[in-house]
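Shown below: structure.cif, with mmCIF, C-alpha atoms.
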```
data_coords
loop_
_atom_site.label_atom_id
_atom_site.label_comp_id
_atom_site.auth_asym_id
_atom_site.auth_seq_id
_atom_site.Cartn_x
_atom_site.Cartn_y
_atom_site.Cartn_z
CA MET A 1286 -108.68 13.34 29.66
CA ARG A 1287 -110.36 15.07 26.71
CA ILE A 1288 -110.64 11.72 24.87
CA LEU A 1289 -112.25 10.19 27.96
CA PHE A 1290 -114.70 13.07 28.15
CA ILE A 1291 -115.69 12.79 24.47
CA LEU A 1292 -116.16 9.04 24.78
CA SER A 1293 -118.28 9.65 27.88
CA CYS A 1294 -120.50 12.04 25.94
CA ILE A 1295 -121.00 9.47 23.20
CA LEU A 1296 -121.80 6.73 25.69
CA VAL A 1297 -124.38 8.76 27.59
CA CYS A 1298 -126.12 9.86 24.41
CA SER A 1299 -126.19 6.44 22.78
CA CYS A 1300 -127.00 4.49 25.91
CA THR A 1301 -129.79 6.79 26.94
CA ASN A 1302 -131.41 6.43 23.53
CA LYS A 1303 -131.26 2.64 23.69
CA ALA A 1304 -132.71 2.30 27.19
CA SER A 1305 -136.21 0.91 27.50
CA LYS A 1306 -138.01 3.71 29.31
CA SER A 1307 -141.40 5.28 29.67
CA GLU A 1308 -142.31 8.15 27.39
CA GLY A 1309 -143.51 11.60 28.29
CA VAL A 1310 -140.79 12.81 30.68
CA ARG A 1311 -139.95 16.41 29.84
CA ASN A 1312 -136.56 17.74 28.83
CA LEU A 1313 -136.91 21.09 30.56
CA PHE A 1314 -133.46 22.26 29.48
CA LEU A 1315 -134.52 21.81 25.86
CA GLU A 1316 -137.74 23.70 26.54
CA TYR A 1317 -135.67 26.60 27.88
CA GLY A 1318 -133.66 26.78 24.67
CA TYR A 1319 -130.51 24.86 25.47
CA GLN A 1320 -129.16 22.73 22.62
CA GLN A 1321 -129.39 18.96 22.91
CA ASP A 1322 -125.68 18.44 22.32
CA SER A 1323 -124.89 20.90 25.12
CA ILE A 1324 -127.36 19.13 27.43
CA ASP A 1325 -125.82 15.75 26.65
CA ALA A 1326 -122.33 17.12 27.21
CA LYS A 1327 -123.26 18.64 30.58
CA LEU A 1328 -124.85 15.42 31.79
CA SER A 1329 -121.93 13.37 30.51
CA LYS A 1330 -119.40 15.60 32.26
CA ALA A 1331 -121.32 15.40 35.56
CA TYR A 1332 -121.30 11.60 35.32
CA ALA A 1333 -117.63 11.48 34.36
CA ASP A 1334 -116.68 13.78 37.24
CA LEU A 1335 -118.25 11.42 39.78
CA PHE A 1336 -117.49 8.05 38.21
CA GLU A 1337 -114.25 8.56 36.26
CA GLY A 1338 -112.46 11.81 37.06
CA PRO A 1339 -109.77 12.79 39.60
CA HIS A 1340 -112.42 13.73 42.18
CA ARG A 1341 -114.55 10.64 41.56
CA ILE A 1342 -116.59 8.98 44.28
CA TYR A 1343 -116.81 5.63 42.42
CA PHE A 1344 -113.95 3.19 42.91
CA GLU A 1345 -113.56 -0.14 41.16
CA VAL A 1346 -112.35 -3.15 43.15
CA GLY A 1347 -110.83 -6.05 41.24
CA ASP A 1348 -112.51 -7.31 38.10
CA SER A 1349 -116.13 -7.22 39.16
CA MET A 1350 -116.85 -4.87 42.07
CA ALA A 1351 -117.00 -1.17 42.88
CA TYR A 1352 -118.26 1.11 45.62
CA VAL A 1353 -119.40 4.70 46.01
CA SER A 1354 -117.74 6.60 48.86
CA ASP A 1355 -118.66 9.61 50.94
CA ILE A 1356 -115.12 10.92 50.64
CA LYS A 1357 -115.31 13.50 53.42
CA ASN A 1358 -116.43 10.84 55.92
CA ASN A 1359 -114.27 8.04 54.48
CA ASP A 1360 -117.10 5.53 54.33
CA ALA A 1361 -119.42 3.83 51.89
CA ARG A 1362 -123.08 4.33 52.73
CA SER A 1363 -126.21 2.50 51.67
CA GLU A 1364 -127.42 5.94 50.59
CA GLY A 1365 -124.55 6.49 48.15
CA LEU A 1366 -124.34 2.89 46.96
CA SER A 1367 -128.04 2.88 46.11
CA TYR A 1368 -127.79 6.32 44.51
CA GLY A 1369 -124.92 5.06 42.36
CA MET A 1370 -127.05 2.14 41.23
CA MET A 1371 -129.97 4.42 40.39
CA VAL A 1372 -127.71 6.69 38.33
CA ALA A 1373 -126.24 3.68 36.55
CA VAL A 1374 -129.56 2.09 35.61
CA GLN A 1375 -131.06 5.40 34.47
CA LEU A 1376 -128.04 6.12 32.23
CA ASN A 1377 -127.76 2.49 31.09
CA LYS A 1378 -124.35 1.91 32.69
CA LYS A 1379 -124.73 -1.80 33.29
CA ASP A 1380 -121.13 -2.55 34.26
CA ALA A 1381 -121.12 0.15 36.94
CA PHE A 1382 -124.49 -1.02 38.25
CA ASP A 1383 -123.42 -4.65 38.46
CA ARG A 1384 -120.13 -3.78 40.14
CA ILE A 1385 -121.79 -1.65 42.82
CA TRP A 1386 -124.43 -4.29 43.49
CA ARG A 1387 -121.88 -7.11 43.84
CA TRP A 1388 -119.83 -5.08 46.33
CA THR A 1389 -122.93 -4.00 48.22
CA LYS A 1390 -124.34 -7.51 48.48
CA THR A 1391 -120.98 -9.00 49.46
CA TYR A 1392 -119.97 -6.53 52.15
CA THR A 1393 -123.04 -4.68 53.43
CA GLN A 1394 -126.09 -6.96 53.15
CA HIS A 1395 -126.87 -9.11 56.18
CA GLN A 1396 -127.24 -12.73 55.13
CA GLU A 1397 -128.50 -14.10 58.44
CA GLY A 1398 -129.95 -13.10 61.79
CA PRO A 1399 -132.71 -10.59 62.59
CA ARG A 1400 -131.36 -8.11 60.02
CA LYS A 1401 -131.26 -10.65 57.17
CA GLY A 1402 -131.80 -8.95 53.82
CA TYR A 1403 -131.12 -5.45 55.18
CA PHE A 1404 -127.93 -3.42 54.68
CA SER A 1405 -125.46 -1.81 57.06
CA TRP A 1406 -125.79 1.89 56.44
CA SER A 1407 -122.06 2.68 56.83
CA ILE A 1408 -118.97 0.60 56.12
CA HIS A 1409 -115.27 1.35 55.80
CA PRO A 1410 -114.69 0.92 52.06
CA GLU A 1411 -111.19 -0.54 52.20
CA SER A 1412 -111.30 -2.78 55.28
CA GLN A 1413 -114.99 -3.63 54.75
CA ARG A 1414 -115.44 -3.15 58.49
CA LYS A 1415 -119.02 -2.20 59.30
CA ASN A 1416 -119.23 1.15 61.08
CA ALA A 1417 -122.86 0.37 61.86
CA GLU A 1418 -124.82 -2.86 61.68
CA ASN A 1419 -128.24 -1.21 61.39
CA SER A 1420 -129.93 0.21 58.33
CA ALA A 1421 -131.03 3.61 57.11
CA SER A 1422 -134.37 2.82 55.48
CA ASP A 1423 -133.87 5.00 52.41
CA GLY A 1424 -131.00 2.78 51.26
CA GLU A 1425 -133.29 -0.22 50.99
CA LEU A 1426 -135.93 1.95 49.30
CA TYR A 1427 -133.47 2.88 46.55
CA PHE A 1428 -131.92 -0.59 46.26
CA VAL A 1429 -135.28 -2.25 45.61
CA THR A 1430 -136.38 0.38 43.09
CA ALA A 1431 -133.06 0.38 41.21
CA LEU A 1432 -133.05 -3.44 41.05
CA LEU A 1433 -136.60 -3.51 39.69
CA PHE A 1434 -135.60 -1.01 37.02
CA ALA A 1435 -132.51 -3.09 36.18
CA SER A 1436 -134.75 -6.14 35.75
CA ASN A 1437 -136.98 -4.19 33.39
CA GLN A 1438 -134.08 -2.76 31.41
CA TRP A 1439 -131.60 -5.63 31.12
CA GLY A 1440 -133.58 -8.74 31.99
CA ASN A 1441 -132.46 -11.27 34.58
CA ASP A 1442 -130.25 -13.61 32.60
CA THR A 1443 -127.04 -11.59 32.14
CA GLY A 1444 -125.29 -12.69 35.31
CA ILE A 1445 -127.49 -11.14 38.01
CA ASP A 1446 -131.14 -11.93 38.58
CA TYR A 1447 -132.12 -8.37 39.48
CA TYR A 1448 -135.74 -9.20 40.12
CA ALA A 1449 -134.82 -12.01 42.52
CA GLU A 1450 -132.48 -9.66 44.38
CA ALA A 1451 -135.21 -7.02 44.72
CA ARG A 1452 -137.67 -9.63 45.95
CA ASN A 1453 -135.10 -10.96 48.41
CA ILE A 1454 -135.03 -7.56 50.10
CA LEU A 1455 -138.80 -7.15 50.02
CA ASP A 1456 -139.52 -10.68 51.20
CA ALA A 1457 -137.03 -10.28 54.04
CA MET A 1458 -138.72 -7.01 54.97
CA TRP A 1459 -142.09 -8.72 55.23
CA GLU A 1460 -140.64 -11.40 57.50
CA LYS A 1461 -139.57 -8.86 60.12
CA ASP A 1462 -141.75 -9.08 63.24
CA GLY A 1463 -139.70 -7.26 65.87
CA THR A 1464 -137.39 -10.16 66.65
CA GLY A 1465 -134.09 -8.67 67.77
CA ASN A 1466 -135.83 -5.28 67.82
CA VAL A 1467 -135.76 -5.24 63.99
CA PHE A 1468 -138.89 -4.27 62.07
CA HIS A 1469 -140.35 -3.67 58.63
CA LEU A 1470 -138.78 -0.74 56.75
CA ILE A 1471 -142.21 0.84 56.70
CA ASN A 1472 -144.00 1.37 60.00
CA LEU A 1473 -147.00 -0.86 59.42
CA ASP A 1474 -149.35 1.17 61.61
CA ALA A 1475 -148.41 4.56 60.18
CA LYS A 1476 -147.78 3.27 56.62
CA GLN A 1477 -144.71 5.53 56.58
CA ILE A 1478 -141.05 4.74 56.08
CA SER A 1479 -139.10 4.57 59.32
CA PHE A 1480 -135.88 6.46 59.96
CA VAL A 1481 -134.26 3.18 60.98
CA PRO A 1482 -136.19 -0.12 61.10
CA GLU A 1483 -134.93 -0.83 64.60
CA GLY A 1484 -135.86 0.16 68.14
CA ASN A 1485 -137.37 3.58 68.76
CA ALA A 1486 -136.21 4.87 65.35
CA TYR A 1487 -138.98 2.69 63.85
CA THR A 1488 -141.49 5.13 65.36
CA TRP A 1489 -140.48 8.31 63.50
CA THR A 1490 -139.33 9.34 60.05
CA ASP A 1491 -137.24 11.53 57.77
CA PRO A 1492 -139.26 13.54 55.21
CA SER A 1493 -136.54 13.08 52.60
CA TYR A 1494 -137.14 9.32 52.74
CA HIS A 1495 -140.71 9.86 51.52
CA ILE A 1496 -140.69 9.09 47.79
CA PRO A 1497 -144.26 8.16 46.86
CA ALA A 1498 -143.25 7.44 43.26
CA PHE A 1499 -141.03 4.57 44.40
CA TYR A 1500 -143.93 2.83 46.13
CA GLU A 1501 -145.86 3.08 42.88
CA ILE A 1502 -142.94 1.34 41.15
CA TRP A 1503 -143.05 -1.46 43.73
CA ALA A 1504 -146.80 -1.82 43.17
CA LYS A 1505 -146.28 -2.10 39.41
CA TYR A 1506 -143.24 -4.34 39.19
CA ALA A 1507 -142.56 -6.22 42.45
CA ASN A 1508 -145.49 -8.64 42.04
CA ASP A 1509 -145.20 -9.75 45.66
CA GLY A 1510 -148.87 -9.55 46.58
CA HIS A 1511 -148.57 -6.28 48.53
CA GLU A 1512 -149.59 -3.90 45.76
CA ASP A 1513 -152.47 -2.33 47.68
CA PHE A 1514 -150.24 -1.70 50.68
CA TYR A 1515 -147.59 0.04 48.55
CA ARG A 1516 -150.19 2.26 46.90
CA ALA A 1517 -151.60 3.12 50.33
CA CYS A 1518 -148.08 4.04 51.47
CA ALA A 1519 -147.70 6.32 48.44
CA ASP A 1520 -150.93 8.13 49.31
CA THR A 1521 -149.94 8.34 52.99
CA SER A 1522 -146.56 9.83 52.10
CA ARG A 1523 -148.24 12.48 49.98
CA ALA A 1524 -150.55 13.40 52.84
CA PHE A 1525 -147.58 13.40 55.22
CA LEU A 1526 -145.67 15.87 53.06
CA HIS A 1527 -148.62 18.27 53.21
CA ARG A 1528 -148.20 18.33 56.99
CA ALA A 1529 -144.40 18.32 57.08
CA CYS A 1530 -143.85 21.29 54.74
CA HIS A 1531 -144.28 24.76 56.23
CA PRO A 1532 -147.44 26.50 54.95
CA VAL A 1533 -145.55 29.70 54.03
CA THR A 1534 -141.96 28.79 53.20
CA GLY A 1535 -142.44 25.17 52.07
CA LEU A 1536 -139.47 24.13 54.21
CA ASN A 1537 -139.48 20.89 56.22
CA ALA A 1538 -137.40 19.59 59.12
CA ASP A 1539 -134.75 16.92 58.61
CA TYR A 1540 -136.56 14.62 61.07
CA THR A 1541 -140.20 14.49 62.09
CA ASP A 1542 -142.78 12.39 63.84
CA PHE A 1543 -145.24 10.58 61.60
CA SER A 1544 -147.59 13.51 62.18
CA GLY A 1545 -145.14 15.77 60.36
CA GLU A 1546 -144.27 17.57 63.60
CA PRO A 1547 -140.56 18.55 63.58
CA ARG A 1548 -138.40 16.31 65.74
CA SER A 1549 -135.37 17.69 67.59
CA SER A 1550 -132.62 15.56 69.06
CA ARG A 1551 -130.52 16.20 72.15
CA TRP A 1552 -127.74 17.54 70.00
CA MET A 1553 -129.60 19.22 67.10
CA PRO A 1554 -132.71 21.41 67.05
CA ALA A 1555 -135.18 20.65 64.28
CA ALA A 1556 -134.59 22.66 61.12
CA PHE A 1557 -134.25 22.49 57.34
CA ARG A 1558 -130.75 21.05 56.84
CA TYR A 1559 -128.86 18.65 54.57
CA ASP A 1560 -131.35 15.75 54.43
CA SER A 1561 -134.13 18.19 53.64
CA TRP A 1562 -132.53 19.30 50.39
CA ARG A 1563 -133.86 16.10 48.80
CA VAL A 1564 -137.53 16.80 49.45
CA PRO A 1565 -138.11 19.23 46.51
CA MET A 1566 -136.53 16.70 44.15
CA ASN A 1567 -138.64 13.85 45.53
CA ILE A 1568 -141.84 15.86 45.13
CA ALA A 1569 -140.84 16.79 41.57
CA LEU A 1570 -140.22 13.10 40.88
CA ASP A 1571 -143.68 12.11 42.10
CA TYR A 1572 -145.29 14.89 40.09
CA THR A 1573 -143.45 13.79 36.94
CA TRP A 1574 -144.06 10.07 37.28
CA SER A 1575 -147.57 9.96 38.70
CA GLY A 1576 -149.17 13.40 38.99
CA ALA A 1577 -151.37 11.90 41.71
CA ASP A 1578 -151.09 14.98 43.94
CA ALA A 1579 -150.62 17.59 41.23
CA ALA A 1580 -152.70 20.41 42.73
CA TRP A 1581 -150.84 20.45 46.05
CA GLN A 1582 -147.48 19.84 44.39
CA LYS A 1583 -147.93 22.88 42.14
CA GLU A 1584 -148.76 25.00 45.16
CA TYR A 1585 -145.76 23.60 47.04
CA ALA A 1586 -143.39 24.31 44.15
CA GLN A 1587 -144.59 27.90 43.87
CA ARG A 1588 -144.29 28.32 47.64
CA ILE A 1589 -140.74 27.04 48.02
CA GLN A 1590 -139.58 28.81 44.87
CA SER A 1591 -140.99 32.09 46.21
CA PHE A 1592 -139.13 31.63 49.47
CA PHE A 1593 -135.74 30.94 47.90
CA TYR A 1594 -136.29 33.60 45.23
CA ALA A 1595 -136.90 36.19 47.95
CA GLN A 1596 -133.65 35.12 49.61
CA GLY A 1597 -131.83 35.62 46.30
CA VAL A 1598 -131.40 32.93 43.65
CA ASP A 1599 -127.62 33.25 43.90
CA ARG A 1600 -127.52 33.84 47.67
CA PHE A 1601 -129.92 31.56 49.56
CA VAL A 1602 -128.22 29.40 52.16
CA ASP A 1603 -128.49 25.73 52.98
CA GLN A 1604 -129.97 25.69 56.51
CA TYR A 1605 -133.03 27.51 57.84
CA ASN A 1606 -135.58 27.37 60.58
CA LEU A 1607 -138.87 26.30 59.06
CA ASP A 1608 -140.21 29.85 59.16
CA GLY A 1609 -137.27 30.96 57.02
CA THR A 1610 -135.16 32.56 59.73
CA GLU A 1611 -131.50 31.71 60.28
CA PRO A 1612 -130.93 28.87 62.73
CA GLU A 1613 -128.83 29.41 65.82
CA PHE A 1614 -127.37 25.91 65.51
CA ILE A 1615 -125.53 25.24 62.26
CA LEU A 1616 -124.87 21.60 61.40
CA GLN A 1617 -121.26 21.00 60.38
CA ALA A 1618 -120.14 18.98 57.37
CA GLY A 1619 -116.62 17.81 56.61
CA GLY A 1620 -115.22 19.79 59.51
CA PHE A 1621 -116.84 23.05 58.34
CA ARG A 1622 -119.61 24.71 60.34
CA THR A 1623 -120.97 27.48 58.17
CA LEU A 1624 -123.90 28.47 56.02
CA ARG A 1625 -123.22 28.50 52.30
CA HIS A 1626 -125.00 28.63 48.94
CA SER A 1627 -124.73 24.88 48.38
CA LEU A 1628 -124.76 23.21 45.00
CA GLY A 1629 -126.91 20.33 46.25
CA LEU A 1630 -129.77 22.62 47.26
CA VAL A 1631 -129.35 24.83 44.18
CA SER A 1632 -129.80 21.64 42.16
CA THR A 1633 -132.85 20.16 43.85
CA THR A 1634 -134.63 23.51 44.01
CA ALA A 1635 -134.32 23.74 40.22
CA THR A 1636 -136.22 20.47 39.79
CA THR A 1637 -139.38 22.14 41.09
CA ALA A 1638 -139.55 23.94 37.74
CA LEU A 1639 -140.87 20.64 36.40
CA ILE A 1640 -143.95 21.28 38.55
CA HIS A 1641 -144.37 25.07 38.40
CA ARG A 1642 -142.96 27.08 35.52
CA ASP A 1643 -142.77 30.86 35.26
CA ALA A 1644 -140.11 33.57 35.09
CA GLN A 1645 -139.26 32.92 38.74
CA SER A 1646 -138.73 29.19 38.26
CA GLU A 1647 -136.69 29.84 35.13
CA ALA A 1648 -134.12 31.62 37.29
CA PHE A 1649 -133.51 28.41 39.25
CA VAL A 1650 -133.08 26.37 36.06
CA ARG A 1651 -130.58 28.90 34.72
CA ALA A 1652 -128.75 28.86 38.05
CA LEU A 1653 -128.40 25.08 37.90
CA TRP A 1654 -127.24 25.21 34.30
CA ASN A 1655 -124.51 27.70 35.22
CA ALA A 1656 -123.47 25.92 38.42
CA GLU A 1657 -120.27 23.89 38.72
CA LEU A 1658 -119.09 21.08 40.96
CA LYS A 1659 -115.97 22.65 42.44
CA PRO A 1660 -114.54 23.63 45.84
CA TYR A 1661 -116.16 26.57 47.64
CA GLU A 1662 -114.17 29.67 48.48
CA ASP A 1663 -113.44 28.37 51.99
CA GLY A 1664 -112.01 25.12 50.59
CA TYR A 1665 -114.96 22.86 51.39
CA PHE A 1666 -115.68 20.38 48.60
CA ASP A 1667 -118.26 17.60 48.56
CA PRO A 1668 -118.41 15.68 45.28
CA TYR A 1669 -120.42 13.00 47.11
CA TYR A 1670 -123.60 14.72 48.34
CA ASP A 1671 -123.44 17.94 46.34
CA GLY A 1672 -122.27 15.96 43.33
CA LEU A 1673 -124.93 13.27 43.44
CA LEU A 1674 -127.78 15.75 43.95
CA TYR A 1675 -126.35 17.83 41.10
CA LEU A 1676 -126.21 14.77 38.81
CA PHE A 1677 -129.70 13.61 39.80
CA SER A 1678 -131.11 17.08 39.10
CA LEU A 1679 -129.45 17.26 35.69
CA MET A 1680 -130.98 13.86 34.94
CA HIS A 1681 -134.42 15.13 36.00
CA LEU A 1682 -134.30 18.32 33.96
CA SER A 1683 -132.86 16.64 30.85
CA GLY A 1684 -135.54 13.92 30.79
CA ASN A 1685 -133.14 11.17 31.88
CA TYR A 1686 -134.79 10.13 35.14
CA ARG A 1687 -137.74 7.92 34.30
CA ASP A 1688 -139.93 5.02 35.24
CA ILE A 1689 -138.09 2.32 33.31
CA THR A 1690 -140.72 0.04 31.85
CA PRO A 1691 -140.18 -3.63 30.97
CA GLN A 1692 -138.62 -4.38 27.61
CA LYS A 1693 -141.01 -5.84 25.06
#
```
Would you mind writing the file's structure down as structure tokens?
Amino acid sequence: MRILFILSCILVCSCTNKASKSEGVRNLFLEYGYQQDSIDAKLSKAYADLFEGPHRIYFEVGDSMAYVSDIKNNDARSEGLSYGMMVAVQLNKKDAFDRIWRWTKTYTQHQEGPRKGYFSWSIHPESQRKNAENSASDGELYFVTALLFASNQWGNDTGIDYYAEARNILDAMWEKDGTGNVFHLINLDAKQISFVPEGNAYTWTDPSYHIPAFYEIWAKYANDGHEDFYRACADTSRAFLHRACHPVTGLNADYTDFSGEPRSSRWMPAAFRYDSWRVPMNIALDYTWSGADAAWQKEYAQRIQSFFYAQGVDRFVDQYNLDGTEPEFILQAGGFRTLRHSLGLVSTTATTALIHRDAQSEAFVRALWNAELKPYEDGYFDPYYDGLLYLFSLMHLSGNYRDITPQK
């Protein structure tokens, strides 16, 4: 195992240096005094834990395919598959990227009918039986962006035409007109990403699906004639996040109307829960890549840091009412219904230090650095969601999550 780990460290360091990427992304760990070899080793270990180790979430199938699994739910999700591809392209892991894409295209992408071009959001990984035919719009958002980056990084003549695959999804999206109750991923009237591009779920959203920086990538690299629309969606998402995030705590609900008003379901009152953990990371990403909403983003980062700092950097929990009080309803995960100090939220909160830096924000960076992906005291363990958010956040803070520009 130690040999595997050392090789992993070498691969991450060398591959990251060779990747064709934009300049100017900060290595915040280095700024805080951590040594580069220690940073590389930590990132390499996090990757190896998820993609190679005994608790991995990445599983190879045959000679050319692989999938990413939400272990606790025994399924493969468009969310995790697309996250795995984004990790792979950012860290220059071409074989892993290609394997995940081949499996995803073969077993989850609809090739005909009203959903053509879209992906089933959940599938049984071994039987390839679809648990759901419909899509979760964030999966497509990540797939397109990761494929465009792959095109920029590796070209389109090494076995997969990444650009053509990205365009296939986008072109299929633009063909959707409500036939079969299936729509555009983005609500065309609201210019906001839908929760699901079908039925009534097309009329509301999930704040954690709002990643303005990804729309900017589409506008730069998709070349499909919809550049102005994508830039308008980026601006609309930024304005939406102003409304969705609480003016005191910075917290947002998992689901909202396009107005930003929290949206409850029959079985779950609106609150800051698991999906919401991604919002700080998404805002940090937009700040880092575009800086188009820097003034508000700095205020947001200070606001949400202040809230979690007041709760205790080593004690804040993972679900809250938007005003910061404890919710009466606690959403279960993996058979556990409890509040805990979750690694995923510890990780994404730390990324806000890229936006606002002071002694308070430093505490979150140190907390992430000292955190570990391991079972909690009650036995709950989630290498899938906790692990991926942990890996993404390490990538952000080490300068390894970038707008990958075309090779010259």
For Arg1548 in chain A, find every residue with an atom within 12 Å (counting all atoms listed in the file), except residues of its own chain fewer than 6 positions away, and show them as number ranges by chain. A: 1480, 1486, 1488-1492, 1529, 1537-1542, 1554-1557
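With only C-alpha atoms as the atoms that count, the residue of A:Leu1630, A:Leu1432, A:Ala1421, A:Ile1356 with the shortest distance to Met1566 in chain A is A:Leu1630.
In terms of minimum interatomic distance to Ala1580 in chain A, A:Ile1640 ranks closest within A:Ala1326, A:Ile1640, A:Leu1526, A:Val1598, counting all atoms listed in the file.
Note that the spacing between CA of Tyr1665 in chain A and CA of Val1353 in chain A amounts to 19.5 Å.
What separates CA of Tyr1559 in chain A from CA of Ala1435 in chain A is a distance of 28.7 Å.
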Spatial neighbours of Arg1558 in chain A, max dist 12 Å, only C-alpha atoms, sep filter under 5 positions, as a ChimeraX atom specification: /A:1491-1493,1536-1540,1553,1563-1564,1602-1607,1609,1611-1612,1614-1618,1623-1625,1627,1629-1630
Here's the selection I'm unsure about, the PyMOL selection byres ((chain A and resi 1426) around 9); applied to the file above, which residues does it give, as a ChimeraX atom specification? /A:1367,1422-1425,1427-1431,1470,1478,1494,1496,1499-1500
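Distances from A:Ala1652, A:Lys1378, A:Met1371, A:Thr1389 to Phe1434 in chain A were compared using all atoms listed in the file, and the smallest one belongs to A:Met1371.
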Just to confirm, what's the straight-line distance from CA of Asn1685 in chain A to CA of Asn1312 in chain A in Å (one decimal)? 8.0 Å
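Residue nearest Met1370 in chain A within the list A:Glu1584, A:Asp1474, A:Asp1383, A:Asp1456: A:Asp1383 [criterion: smallest interatomic distance, only C-alpha atoms].
Proximity of A:Ile1385, A:Ala1373, A:Ala1417, A:Leu1315 to Glu1345 in chain A, computed with all atoms listed in the file, is greatest for A:Ile1385.
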Set the distance at 10 Å and use all atoms listed in the file: which residues neighbour Arg1341 in chain A once local chain neighbours fewer than 2 positions away are removed? I'd like the list as a list in words. Tyr1332, Ala1333, Asp1334, Leu1335, Phe1336, Glu1337, Gly1338, Pro1339, Tyr1343, Phe1344, Val1353, Ser1354, Ile1356, Pro1668, Tyr1669 and Gly1672 of chain A
